[in-house]
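K.L.:
Submitted below is the structure of interest, expressed as structure tokens.
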Amino acid sequence: MRKRTERKLAVGAVAVVAAVPTALVLIPWNGPGGSQPAAGNAPLGAQAAASDPKPVKQPPAAPAQGKISKLPTATPSTTSTPVPTAVPTITPSPGGGGDGGLKGWAGADDGAVVTAAKWSGKHQVDLSVKSPALGQTRTVRVLVPTGWKAKTTQTWPTLYALHGGNDTFVSWTRSTDIATVARQWNTIVVMPEGSNGSYTDWYNGGRGGTPRWETFHVSEVRQLVERNLHAGTTRAIIGISSGGQGAVTYAARHPGMFRYTASYSGVLSMLSPGIPALLLYINMRSGTNPLDIWGDPVTARANWMAHDPASLVKRLAGTKVFVSSGNGTPGPLDKPGKSPVDIGYLSETQVLRANGDFVTAAKEAGVPVTADFYGEGSHSWPYWKREMHKNWADIMASIGAKQL
């Protein structure tokens with residue numbers, strides 16, 4: 001299957017992707033976050049979703065209150081000014097139900113509608129959204145606070161939480177205690193489906209078209225929850241792995257939309273040495289040409305820069321930014337006996353390296369970033385849950401949410 005996928009790519013891209021096992025995943029970085037383990041012979045070809053491992057069961061962990069580590073001093077790789085592609089600038093306004101939408105529910109400006117709302121208790125509802133941006137119906141999970149009412153003019157501060165690749169909208173409630181934590185605050189939490197869409201409107205050879213994941217999230221979903229579930233316009237956005245990259249990218253591409261953004265093990269410098277090849281490699285899935293997502297990193301470099309947090313870092317001025325990752329060595333929340341060349345370790349080494357470049361770019365741009373490079377730890381949920389607990393109160397403070 002890999003050979004058939006590679007035939008779809010440009011010759012230059014194949015050469016880059018083919019270099020991944022020897023030149024990319026093994027690039028060493030000995031910054032303050034910690035040195036990397038020996039590479040060994042990890043079966044990378046059998047694990048194409050390297051940077052977004054499948055969910056793992058997590059051991060119970062008390063909320064951690066660790067120190068913020070020293071910042072890396074890696075050299076940023078971008079040298080030119082990014083030219084962002086067009087982004088939605090729609091101003092929400094009350095809309096009708098739309099074709100096929102629930103009676104009495106307002107639609108989004110482009111015709112996206114909620115076709116079903118399935119409640120699980122009083123605090124959780126799964127919305128089926130018929131999306132023109134995606135050309136299909138996808139699900140959005142929403143948590144509402146104690147005291148929430150369907151008929152009210154009140155709005156609530158809102159947190160958007162994005163999942164990683166190879167996962168779905170259920171990931172945050174399945175793999176963390178976010179529902180229990182959020183219920184202690186007067187906040188709405190929105191957890192949309194992201195599939196393996198890389199949190200962008202796909203390039204598709206410059207033609208655009210579906211899927212348009214960024215449009216789905218920042219326009220359609222946002223408008224639907226604000227118009228129907230009383231989500232407020234004071235917002236924060238967080239994410240893990242590829243969702244962390246998406247969270248910071250969305251905040252940068254839509255200045256002022258989010259007061260706070262946090263990335264837990266997200267790749268925040270997409271153009272650091274070797275990282276484009278890694279991103280192409282992990283998106284080599286059956287039925288997917290990875291170049292359709294952002295384009296070729298050489299010939300479509302402007303589009304890569306327009307979605308790269310490190311290239312867009314100046315646009316984060318005024319937004320509180322939190323970034324964290326481990327160093328890819330066995331840590332306290334990893335299962336005993338886990339192989340040192342497990343993909344969760346190898347991928348986290350590269351996440352740390354890219355995030356070092358992002359933090360350096362932010363410092364040079366004069367944009368404050370809070371970084372927690374906590375040392376030992378793999379690319380896995382137990383660490384992301386711990387990080388969520390570390391900065392939850394700061395997230396809530398940034399959007400004015402009060403503890404109940």
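Just remember, in the structure tokens the first chain shown is A, the second B, etc., residues are 1-based per chain, and ligands are 1-based in the order shown.
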I need the strand (DSSP E or B) residues of stretch 174-347 of chain A per DSSP on the backbone, written as a PyMOL selection string.

P.N.:
chain A and resi 185+188-192+201+212+231-240+260-264+320-325

K.L.:
Please identify all polymer residues within 9 Å of A:Tyr383, counting only C-alpha atoms, omitting same-chain residues fewer than 2 positions from it, and present them as a count of residues only.

P.N.:
14

K.L.:
Which one is closest to A:His389: A:Val129, A:Ile178, A:Val170, A:Trp148? Count only C-alpha atoms.

P.N.:
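Looking at the shortest contact to A:His389, the residue is A:Ile178.
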
K.L.:
What does the structure give for the distance between atom CA of A:Arg138 and atom CA of A:Trp172, in Å to one decimal?

P.N.:
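About the pair atom CA of A:Arg138 and atom CA of A:Trp172: they are 16.6 Å apart.
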
K.L.:
Using DSSP secondary structure from the backbone, list all helix (DSSP H, G or I) positions within stretch 93-232 of chain A, as a list in words.

P.N.:
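Going through stretch 93-232 of chain A, the helix (DSSP H, G or I) residues come out as Ser171, Trp172, Thr173, Arg174, Ser175, Ile178, Ala179, Thr180, Val181, Ala182, Asn204, Gly205, Gly206, Trp213, Glu214, Thr215, Phe216, His217, Val218, Ser219, Glu220, Val221, Arg222, Gln223, Leu224, Val225, Glu226, Arg227 and Asn228 of chain A.
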
K.L.:
Got a sec: who's within 10 Å of A:Asp296, counting only C-alpha atoms, leaving out chain neighbours fewer than 2 positions off, as a PyMOL selection string?

P.N.:
chain A and resi 9-10+12-13+203+205+276+280+290-294+298-304

K.L.:
What does the structure give for the distance between atom CA of A:Asp372 and atom CA of A:His163, in Å to one decimal?

P.N.:
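Answer for the atom CA of A:Asp372 to atom CA of A:His163 separation: 19.8 Å.
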
K.L.:
Nearest to A:Thr249: which of A:Ser347, A:Thr200, A:Asn289, A:Thr319 is it, counting only C-alpha atoms?

P.N.:
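Under the stated criterion, the closest residue is A:Thr200.
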
K.L.:
For A:Trp185, which residue among A:Pro157, A:Gly337, A:Gly331, A:Pro297 is the nearest when counting only C-alpha atoms?

P.N.:
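Closest candidate: A:Pro157.
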
K.L.:
With distances taken over only C-alpha atoms, which residue among A:Met191, A:Leu279, A:Ala116, A:Ala161 lies nearest A:Val140?

P.N.:
A:Met191

K.L.:
Figure out the distance between atom CA of A:Gly147 and atom CA of A:Asn186, please, to one decimal in Å.

P.N.:
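Spanning atom CA of A:Asn186 to atom CA of A:Gly147 is a straight-line distance of 8.3 Å.
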
K.L.:
Considering only C-alpha atoms, can you say which of A:Val113, A:Leu271, A:Ala182, A:Ala310 comes closest to A:Arg222?

P.N.:
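Closest candidate: A:Val113.
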
K.L.:
Please identify all polymer residues within 12 Å of A:Gly256, counting only C-alpha atoms, omitting same-chain residues fewer than 3 positions from it, and present them as an NGL selection string.

P.N.:
:A and (89 or 233-237 or 250-253 or 259-261 or 315-320)

K.L.:
Could you pull the residues within 6 Å of A:Thr349, counting only C-alpha atoms, minus those fewer than 3 positions along the same chain, as a ChimeraX atom specification?

P.N.:
/A:327-328,346,352

K.L.:
Residues as selected, C-alpha atoms, written as a PDB file, in the first residue's frame, can you do that?

P.N.:
```
ATOM      1  CA  ASN A 327      11.599  14.692  25.728  1.00  0.00           C
ATOM      2  CA  GLY A 328      10.760  11.189  24.494  1.00  0.00           C
ATOM      3  CA  LEU A 346      10.403   8.681  19.043  1.00  0.00           C
ATOM      4  CA  LEU A 352      10.134  18.817  21.527  1.00  0.00           C
TER       5      LEU A 352
END
```

K.L.:
Near A:Thr180, counting only C-alpha atoms, which residues have an atom at most 12 Å away, once you skip same-chain residues fewer than 6 positions from it, shown as a PDB file with C-alpha atoms, in the first residue's frame?

P.N.:
```pdb
ATOM      1  CA  HIS A 123     -24.471  18.266  30.953  1.00  0.00           C
ATOM      2  CA  GLN A 124     -23.427  16.541  27.707  1.00  0.00           C
ATOM      3  CA  LEU A 143     -20.444  20.056  27.801  1.00  0.00           C
ATOM      4  CA  VAL A 144     -22.713  22.630  29.422  1.00  0.00           C
ATOM      5  CA  PRO A 145     -22.334  23.908  32.992  1.00  0.00           C
ATOM      6  CA  THR A 146     -24.596  23.600  35.988  1.00  0.00           C
ATOM      7  CA  TRP A 172     -11.249  14.203  25.684  1.00  0.00           C
ATOM      8  CA  THR A 173     -14.140  12.768  27.706  1.00  0.00           C
ATOM      9  CA  ARG A 174     -12.826   9.225  27.232  1.00  0.00           C
ATOM     10  CA  THR A 187     -17.903  27.223  31.206  1.00  0.00           C
ATOM     11  CA  VAL A 189     -16.635  23.008  26.479  1.00  0.00           C
ATOM     12  CA  HIS A 389      -4.740  20.070  35.136  1.00  0.00           C
TER      13      HIS A 389
END
```

K.L.:
Counting only C-alpha atoms, which residue out of A:Trp119, A:Trp202, A:Tyr281, A:Tyr160 sits closest to A:Met396?

P.N.:
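Between A:Trp119, A:Trp202, A:Tyr281, A:Tyr160, the residue approaching A:Met396 most closely is A:Tyr160.
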